[in-house]
Amino acid sequence: MICCARSIREFRVESSGMSELEKLHNEETTDTSYDHVLKYTGVFGGVQGLKMLTSFIRNKLTSEFLGKFGVGLISVYGSISEFLVSASNMGVPLNATQRSGELFEIGTNEEIEHFVMVVRTWVLWTALFALLLCLCASPFLSYFFFEHRWDRFGEVLLMVPVSACFLLAEGECAILKGLRQVRKVAFIEGAVAVFTLLLTVPFYYYMGVKGVAIGLICSSLASLITHGFFSFRLISYKISPFSKKVFFEGLPMIKKGIPYVLAGISTAGLGMIIPAMILQPGNGTMDDVGLYRVGWTMTAGYAGMMFVALEADYFPRLSSVNQDTERMNQTINQQIDVCLHVLTPLLILFLLFLPELIGLLFTDSFMGALGMCICACFYTFFKSMSLPLGYSTLAKGDSMVYLAIEIASNLVFAILIWCLYNAYGLVGVGIAFSVGALYDAIVNLLVCGFRYKVKVFRGTWMRFVFQLVCLSFTFVLCVTPSLELKYFFGGIAFVVSLSFSLFHLSKRSDFLHNVLHHFTHSSGDCC
């Protein structure tokens with residue numbers, strides 16, 4: 001792609017981005033009302049529903065074709081690629097979202113285009129760095145994950161294209177998020193979920209365990225192509241990989257991003273440590289890692305999909321008001337409210353039918369993850385409080401505080417998992433997840449309160465406590481042997497929680513009323 005002297009310094013792919021860039025500011029992208037929060041939580045909720053459906057199908061077929069060993073291998077490959085991405089991205093995607101969110105408010109189209117060019121150039125460099133990092137670390141990762149053998153580094157190197165594609169896709173996604181292209185991000189999320197299903201399961205079926213790495217490479221490449229299709233139409237692709245000016249313009253972003261990289265490494269390290277703990281001699285096997293992976297998927301994985309709107313829509317909005325304490329508090333409490341009211345009824349329903357879900361989505365051989373899933377149910381609930389608060393440090397660009405919180409959190413999680421896994425097995429891991437999430441919520445409340453004057457409103461606290469009581473009541477029912485009591489009283493708890501959520505959401509927003517009116521009107525037309 002590089003030819004002649006001028007092209008060596010600058011590579012450009014022309015597209016129709018300017019026309020879309022000029023229409024960047026409109027009623028939809030500048031709306032910050034409660035209706036907007038609920039609307040896009042609903043939009044992403046629908047997308048996450050599609051992602052869950054495709055993930056259900058993929059996990060069911062994967063467990064049938066590959067068994068516990070194959071699921072464990074996918075977990076290991078996922079941990080390796082996550083580590084490479086976290087250690088290589090230099091904090092560029094996060095800073096790109098934050099800065100482009102600010103430029104969306106105060107910048108010109110020319111400033112936005114130039115900043116995007118700087119971001120894309122640095123993202124390309126991070127992908128090359130991931131290659132070098134994997135080459136250096138592959139023998140150690142081989143020893144860590146593959147039966148304490150140094151000679152299986154070739155399998156680790158298979159994650160280089162996966163990591164590179166994810167890094168490049170992350171950069172494009174960060175641009176779209178910062179420029180409030182929420183609908184595009186939502187569509188991409190759904191499309192990538194479908195592509196991942198179509199590009200992994202056939203390899204698992206025809207090639208078995210040998211098809212795992214090929215499936216991951218194909219799905220990551222599809223993700224990159226999908227992100228690029230929408231991002232390049234908004235702003236044409238342009239990089240200057242040999243420009244000193246671009247290098248020094250992006251350097252402050254990299255310096256600011258180093259703490260985020262270290263935080264990402266600590267989080268990815270935790271993701272690698274857990275399977276490594278299980279695989280220690282005398283502890284467990286790759287089958288046990290597969291059970292852990294299922295437990296993680298059912299709790300942090302599926303439920304965590306509901307938080308995707310936080311990064312795609314909430315973080316850019318919060319970044320744009322990070323200098324106004326009153327607006328920050330309003331934005332944070334709005335998001336906590338919506339998370340609580342949307343998630344709690346779903347968590348209750350999830351708990352009640354968890355055994356049936358595991359059997360339906362995987363196979364009965366994975367029922368050993370049931371105890372972990374039940375005990376980890378509070379993880380997602382406490383995250384509905386801690387995550388909206390935690391994004392304050394990111395919106396403020398307070399990277400050192402973010403680093404300190406993340407490292408402390410991961411250390412607490414690691415200690416909890418180590419102690420409780422050795423004492424109670426996978427059930428202990430579930431307990432560690434819930435206790436660690438409670439720790440995160442408390443720390444974010446204290447740090448954001450003292451440092452940024454962020455506060456949770458009294459009404460938000462009352463709704464939090466009410467939903468916590470409903471969830472706790474259901475949890476107690478799920479650890480009792482009586483199925484009749486569980487389903488009867490659990491059903492009551494679900495109805496109470498759902499009614500409470502609908503009442504408060506409809507009181508603060510016309511969105512639900514408009515949706516109901518739309519469906520009622522459509523039904524009338526059909527009749």
# chains A, B, ... in the order shown; residues from 1 in each chain; ligands from 1

$ residues_around --residues "Ser266 in chain A" --least-positions-apart "5" --cutoff "10 Å" --atoms "only C-alpha atoms" --output "list in words"
Phe83, Ser86, Ala87, Tyr260, Val261, Gly271, Met272, Leu403, Glu406, Ile407, Ala408, Ser409, Asn410 and Leu411 of chain A

$ write_last_selection --atoms "N, CA and C atoms" --output "compact mmCIF listing (two decimals), in the first residue's frame"
# COMPACT_ATOMS: atom_id res chain seq x y z
N PHE A 83 -4.90 -10.67 27.41
CA PHE A 83 -3.66 -10.15 27.99
C PHE A 83 -2.88 -9.35 26.95
N SER A 86 -4.70 -6.00 26.24
CA SER A 86 -4.60 -5.07 27.37
C SER A 86 -3.19 -4.51 27.53
N ALA A 87 -2.18 -5.36 27.28
CA ALA A 87 -0.80 -4.93 27.45
C ALA A 87 -0.30 -4.08 26.29
N TYR A 260 -3.63 3.29 32.31
CA TYR A 260 -4.73 2.45 31.85
C TYR A 260 -4.20 1.11 31.34
N VAL A 261 -3.03 1.15 30.69
CA VAL A 261 -2.41 -0.10 30.22
C VAL A 261 -2.06 -0.98 31.41
N GLY A 271 -7.48 -12.48 34.91
CA GLY A 271 -8.16 -13.45 34.05
C GLY A 271 -7.28 -14.65 33.72
N MET A 272 -5.96 -14.46 33.71
CA MET A 272 -5.04 -15.57 33.45
C MET A 272 -4.74 -16.36 34.71
N LEU A 403 -5.84 3.70 38.01
CA LEU A 403 -4.86 2.62 38.13
C LEU A 403 -4.84 2.07 39.55
N GLU A 406 -8.01 0.00 40.22
CA GLU A 406 -8.03 -1.27 39.48
C GLU A 406 -7.05 -2.29 40.06
N ILE A 407 -5.84 -1.85 40.37
CA ILE A 407 -4.84 -2.78 40.92
C ILE A 407 -5.30 -3.30 42.28
N ALA A 408 -5.80 -2.39 43.12
CA ALA A 408 -6.29 -2.82 44.44
C ALA A 408 -7.45 -3.79 44.29
N SER A 409 -8.36 -3.49 43.36
CA SER A 409 -9.51 -4.36 43.14
C SER A 409 -9.09 -5.75 42.68
N ASN A 410 -8.15 -5.80 41.72
CA ASN A 410 -7.71 -7.09 41.20
C ASN A 410 -6.94 -7.90 42.24
N LEU A 411 -6.19 -7.21 43.09
CA LEU A 411 -5.50 -7.90 44.19
C LEU A 411 -6.51 -8.50 45.16

$ residues_around --residues "Leu471 in chain A" --least-positions-apart "6" --cutoff "8 Å" --atoms "only C-alpha atoms" --output "JSON, numbers by chain"
{"A": [344, 347, 348, 493]}

$ closest_residue --among "A:Gly215, A:Pro161, A:Gly101, A:Gly295" --to "Leu357 in chain A" --atoms "only C-alpha atoms"
A:Gly295

$ residues_around --residues "Leu262 in chain A" --least-positions-apart "3" --cutoff "12 Å" --atoms "only C-alpha atoms" --output "ChimeraX atom specification"
/A:83,85-91,255-259,265-269,399-400,402-407,410

$ select_by_dssp --residues "range 314-497 of chain A" --states "alpha helix (DSSP H)" --output "PyMOL selection string"
chain A and resi 315-320+325-352+354-361+370-375+377-395+399-424+426-452+458-478+483-497

$ atom_distance --atom1 "CA of Ser384 in chain A" --atom2 "CA of Asp440 in chain A"
10.9 Å

$ decode --residues "range 267-280 of chain A" --atoms "N, CA and C atoms" --output "PDB file, in the first residue's frame"
ATOM      1  N   THR A 267      -5.899  -6.476  35.164  1.00  0.00           N
ATOM      2  CA  THR A 267      -7.185  -7.149  34.976  1.00  0.00           C
ATOM      3  C   THR A 267      -7.021  -8.405  34.122  1.00  0.00           C
ATOM      4  N   ALA A 268      -6.253  -8.278  33.015  1.00  0.00           N
ATOM      5  CA  ALA A 268      -6.004  -9.449  32.177  1.00  0.00           C
ATOM      6  C   ALA A 268      -5.199 -10.493  32.942  1.00  0.00           C
ATOM      7  N   GLY A 269      -4.286 -10.013  33.787  1.00  0.00           N
ATOM      8  CA  GLY A 269      -3.510 -10.938  34.610  1.00  0.00           C
ATOM      9  C   GLY A 269      -4.394 -11.736  35.541  1.00  0.00           C
ATOM     10  N   LEU A 270      -5.404 -11.070  36.117  1.00  0.00           N
ATOM     11  CA  LEU A 270      -6.354 -11.780  36.970  1.00  0.00           C
ATOM     12  C   LEU A 270      -7.092 -12.846  36.170  1.00  0.00           C
ATOM     13  N   GLY A 271      -7.479 -12.484  34.909  1.00  0.00           N
ATOM     14  CA  GLY A 271      -8.158 -13.454  34.054  1.00  0.00           C
ATOM     15  C   GLY A 271      -7.284 -14.650  33.724  1.00  0.00           C
ATOM     16  N   MET A 272      -5.959 -14.460  33.707  1.00  0.00           N
ATOM     17  CA  MET A 272      -5.042 -15.573  33.446  1.00  0.00           C
ATOM     18  C   MET A 272      -4.743 -16.356  34.712  1.00  0.00           C
ATOM     19  N   ILE A 273      -4.730 -15.659  35.850  1.00  0.00           N
ATOM     20  CA  ILE A 273      -4.368 -16.313  37.113  1.00  0.00           C
ATOM     21  C   ILE A 273      -5.420 -17.334  37.529  1.00  0.00           C
ATOM     22  N   ILE A 274      -6.694 -17.005  37.313  1.00  0.00           N
ATOM     23  CA  ILE A 274      -7.761 -17.901  37.782  1.00  0.00           C
ATOM     24  C   ILE A 274      -7.663 -19.284  37.135  1.00  0.00           C
ATOM     25  N   PRO A 275      -7.596 -19.381  35.781  1.00  0.00           N
ATOM     26  CA  PRO A 275      -7.395 -20.727  35.202  1.00  0.00           C
ATOM     27  C   PRO A 275      -6.093 -21.368  35.659  1.00  0.00           C
ATOM     28  N   ALA A 276      -5.032 -20.541  35.823  1.00  0.00           N
ATOM     29  CA  ALA A 276      -3.751 -21.092  36.266  1.00  0.00           C
ATOM     30  C   ALA A 276      -3.853 -21.671  37.675  1.00  0.00           C
ATOM     31  N   MET A 277      -4.614 -21.005  38.558  1.00  0.00           N
ATOM     32  CA  MET A 277      -4.852 -21.525  39.918  1.00  0.00           C
ATOM     33  C   MET A 277      -5.529 -22.893  39.853  1.00  0.00           C
ATOM     34  N   ILE A 278      -6.539 -22.969  39.001  1.00  0.00           N
ATOM     35  CA  ILE A 278      -7.298 -24.221  38.891  1.00  0.00           C
ATOM     36  C   ILE A 278      -6.419 -25.344  38.348  1.00  0.00           C
ATOM     37  N   LEU A 279      -5.502 -24.993  37.421  1.00  0.00           N
ATOM     38  CA  LEU A 279      -4.662 -26.002  36.776  1.00  0.00           C
ATOM     39  C   LEU A 279      -3.429 -26.399  37.583  1.00  0.00           C
ATOM     40  N   GLN A 280      -3.256 -25.779  38.758  1.00  0.00           N
ATOM     41  CA  GLN A 280      -2.121 -26.164  39.589  1.00  0.00           C
ATOM     42  C   GLN A 280      -2.217 -27.635  39.978  1.00  0.00           C
TER      43      GLN A 280
END
